[in-house]
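Undergrad: Below: one structure in structure tokens.
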Amino acid sequence: MSVVVAQIDIEAPPEQVWEYVMDPARTLEWVTIARRVGHIDAGPLREGFRMDQTLCMRGVNFKVRWTLHEFDIPHFARWEGRGPARSKAVIENRLTALNGGTHFDYRNEFKSPFGPLGAAASKALVGGVPDKEANASLRRLKEILEGE
């Protein structure tokens with residue numbers, strides 16, 4: 001299993017950060033590996049809410065179906081995703097109020113398919129790209145919410 005952890009401080013209140021980050025329609029604006037947002041459930045966020053994304057790593061597009069499994073507005077969200085070849089991912093976003101702004105903790109656990117062999121191949125292929133992209137996405141989010 002691979003784990004990516006990133007964090008950033010944003011000069012915007014947690015409610016504003018939450019509203020932006022949790023809007024699937026805004027994903028392409030700030031998530032650097034997102035290429036397309038497909039299906040999005042209608043209505044407000046709720047446990048079981050689903051969305052589909054096409055993501056891209058090292059020039060390879062792949063689809064992930066995300067399900068919101070747990071959330072506490074505006075502090076915490078846990079998305080569980082299913083990708084190609086039975087790969088799985090869990091993303092946790094934690095927002096903490098900090099001096100009128102927000103401290104954003106991001107965590108992504110990715111389980112590649114095909115057991116240890118698949119994990120070794122995945123590590124060799126993507127290397128440190130997920131860490132770089134997670135940090136780039138959070139920097140882009142900060143620029144957007146702080147008005148560049």
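Naming works like this for the structure tokens: A, B, ... for the chains as they're shown, residue 1 at the start of each chain, ligands 1 onward in shown order.
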Among chain A, which ones does DSSP assign to alpha helix (DSSP H) (computed from the backbone)? Answer as a PyMOL selection string.
TA: chain A and resi 14-21+27-30+115-126+129-145
Undergrad: Could you save those same residues with C-alpha atoms as a compact mmCIF listing (two decimals), in the first residue's frame?
TA:
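After the write, part_14.txt holds the following:
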```txt
# COMPACT_ATOMS: atom_id res chain seq x y z
CA PRO A 14 -12.71 26.09 6.90
CA GLU A 15 -16.30 26.58 5.68
CA GLN A 16 -15.07 28.26 2.48
CA VAL A 17 -12.37 25.66 1.88
CA TRP A 18 -14.85 22.84 2.52
CA GLU A 19 -17.44 24.27 0.14
CA TYR A 20 -14.87 24.52 -2.65
CA VAL A 21 -13.07 21.21 -2.10
CA THR A 27 -12.36 19.32 -9.14
CA LEU A 28 -10.77 20.14 -12.50
CA GLU A 29 -9.90 23.64 -11.26
CA TRP A 30 -7.53 22.49 -8.54
CA GLY A 115 -0.58 -7.94 -4.47
CA PRO A 116 3.13 -7.33 -3.74
CA LEU A 117 4.15 -7.66 -7.40
CA GLY A 118 1.64 -4.98 -8.42
CA ALA A 119 2.79 -2.74 -5.56
CA ALA A 120 6.43 -3.04 -6.66
CA ALA A 121 5.52 -2.29 -10.28
CA SER A 122 3.38 0.68 -9.24
CA LYS A 123 6.19 2.14 -7.12
CA ALA A 124 8.66 1.75 -9.98
CA LEU A 125 6.31 3.37 -12.49
CA VAL A 126 5.02 6.34 -10.52
CA VAL A 129 4.77 11.59 -8.65
CA PRO A 130 1.76 11.20 -6.31
CA ASP A 131 3.50 13.25 -3.58
CA LYS A 132 4.44 15.99 -6.05
CA GLU A 133 0.94 16.11 -7.51
CA ALA A 134 -0.76 16.19 -4.09
CA ASN A 135 1.39 19.15 -3.06
CA ALA A 136 0.84 20.88 -6.42
CA SER A 137 -2.93 20.44 -6.04
CA LEU A 138 -2.90 21.96 -2.54
CA ARG A 139 -0.78 24.88 -3.75
CA ARG A 140 -3.24 25.47 -6.59
CA LEU A 141 -6.15 25.33 -4.13
CA LYS A 142 -4.41 27.88 -1.91
CA GLU A 143 -3.84 30.23 -4.86
CA ILE A 144 -7.48 29.97 -5.93
CA LEU A 145 -8.95 30.52 -2.47
```
Undergrad: If we count only C-alpha atoms and set the cut-off at 7 Å, which residues sit around stretch 79-92 of chain A, ignoring sequence neighbours fewer than 2 positions away in its own chain? Please answer as number ranges by chain.
TA: A: 62-69, 77, 94, 106-113
Undergrad: With N, CA and C atoms retained, could you export that selection as a short mmCIF file (atom, residue, chain, number, x, y, z; two decimals), in the first residue's frame?
TA:
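The result, stored in out_9.cif:
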```
data_model
loop_
_atom_site.label_atom_id
_atom_site.label_comp_id
_atom_site.auth_asym_id
_atom_site.auth_seq_id
_atom_site.Cartn_x
_atom_site.Cartn_y
_atom_site.Cartn_z
N PHE A 62 -6.88 6.95 -16.19
CA PHE A 62 -7.61 5.85 -15.56
C PHE A 62 -8.81 6.42 -14.84
N LYS A 63 -9.84 5.60 -14.70
CA LYS A 63 -11.09 6.04 -14.07
C LYS A 63 -11.17 5.52 -12.64
N VAL A 64 -11.72 6.37 -11.78
CA VAL A 64 -11.95 6.00 -10.39
C VAL A 64 -13.38 6.37 -10.04
N ARG A 65 -14.07 5.44 -9.40
CA ARG A 65 -15.42 5.69 -8.88
C ARG A 65 -15.29 5.92 -7.38
N TRP A 66 -15.61 7.15 -6.95
CA TRP A 66 -15.46 7.54 -5.55
C TRP A 66 -16.81 7.48 -4.84
N THR A 67 -16.78 7.04 -3.58
CA THR A 67 -17.96 7.03 -2.72
C THR A 67 -17.60 7.73 -1.42
N LEU A 68 -18.43 8.68 -1.02
CA LEU A 68 -18.22 9.38 0.25
C LEU A 68 -18.70 8.47 1.37
N HIS A 69 -17.76 8.06 2.23
CA HIS A 69 -18.10 7.12 3.29
C HIS A 69 -18.31 7.77 4.65
N ALA A 77 -13.63 14.61 5.59
CA ALA A 77 -14.29 13.81 4.57
C ALA A 77 -13.42 12.60 4.25
N ARG A 94 -8.79 16.61 6.04
CA ARG A 94 -9.06 17.16 7.38
C ARG A 94 -8.80 18.66 7.35
N TYR A 106 -4.14 16.37 3.97
CA TYR A 106 -4.60 15.46 2.92
C TYR A 106 -3.86 14.14 3.07
N ARG A 107 -4.58 13.05 2.97
CA ARG A 107 -3.98 11.72 3.05
C ARG A 107 -4.63 10.84 2.00
N ASN A 108 -3.81 10.12 1.24
CA ASN A 108 -4.30 9.21 0.22
C ASN A 108 -3.58 7.87 0.40
N GLU A 109 -4.36 6.84 0.64
CA GLU A 109 -3.81 5.47 0.70
C GLU A 109 -4.25 4.77 -0.57
N PHE A 110 -3.30 4.20 -1.29
CA PHE A 110 -3.58 3.55 -2.56
C PHE A 110 -3.10 2.10 -2.50
N LYS A 111 -3.98 1.19 -2.82
CA LYS A 111 -3.62 -0.22 -2.88
C LYS A 111 -3.68 -0.66 -4.33
N SER A 112 -2.52 -0.96 -4.87
CA SER A 112 -2.45 -1.38 -6.27
C SER A 112 -2.95 -2.82 -6.40
N PRO A 113 -3.38 -3.17 -7.60
CA PRO A 113 -3.84 -4.54 -7.82
C PRO A 113 -2.67 -5.52 -7.87
#
```
Undergrad: May I have all residues of chain A that DSSP, computed from the backbone, assigns to strand (DSSP E or B), given as a count of residues only?
TA: 66
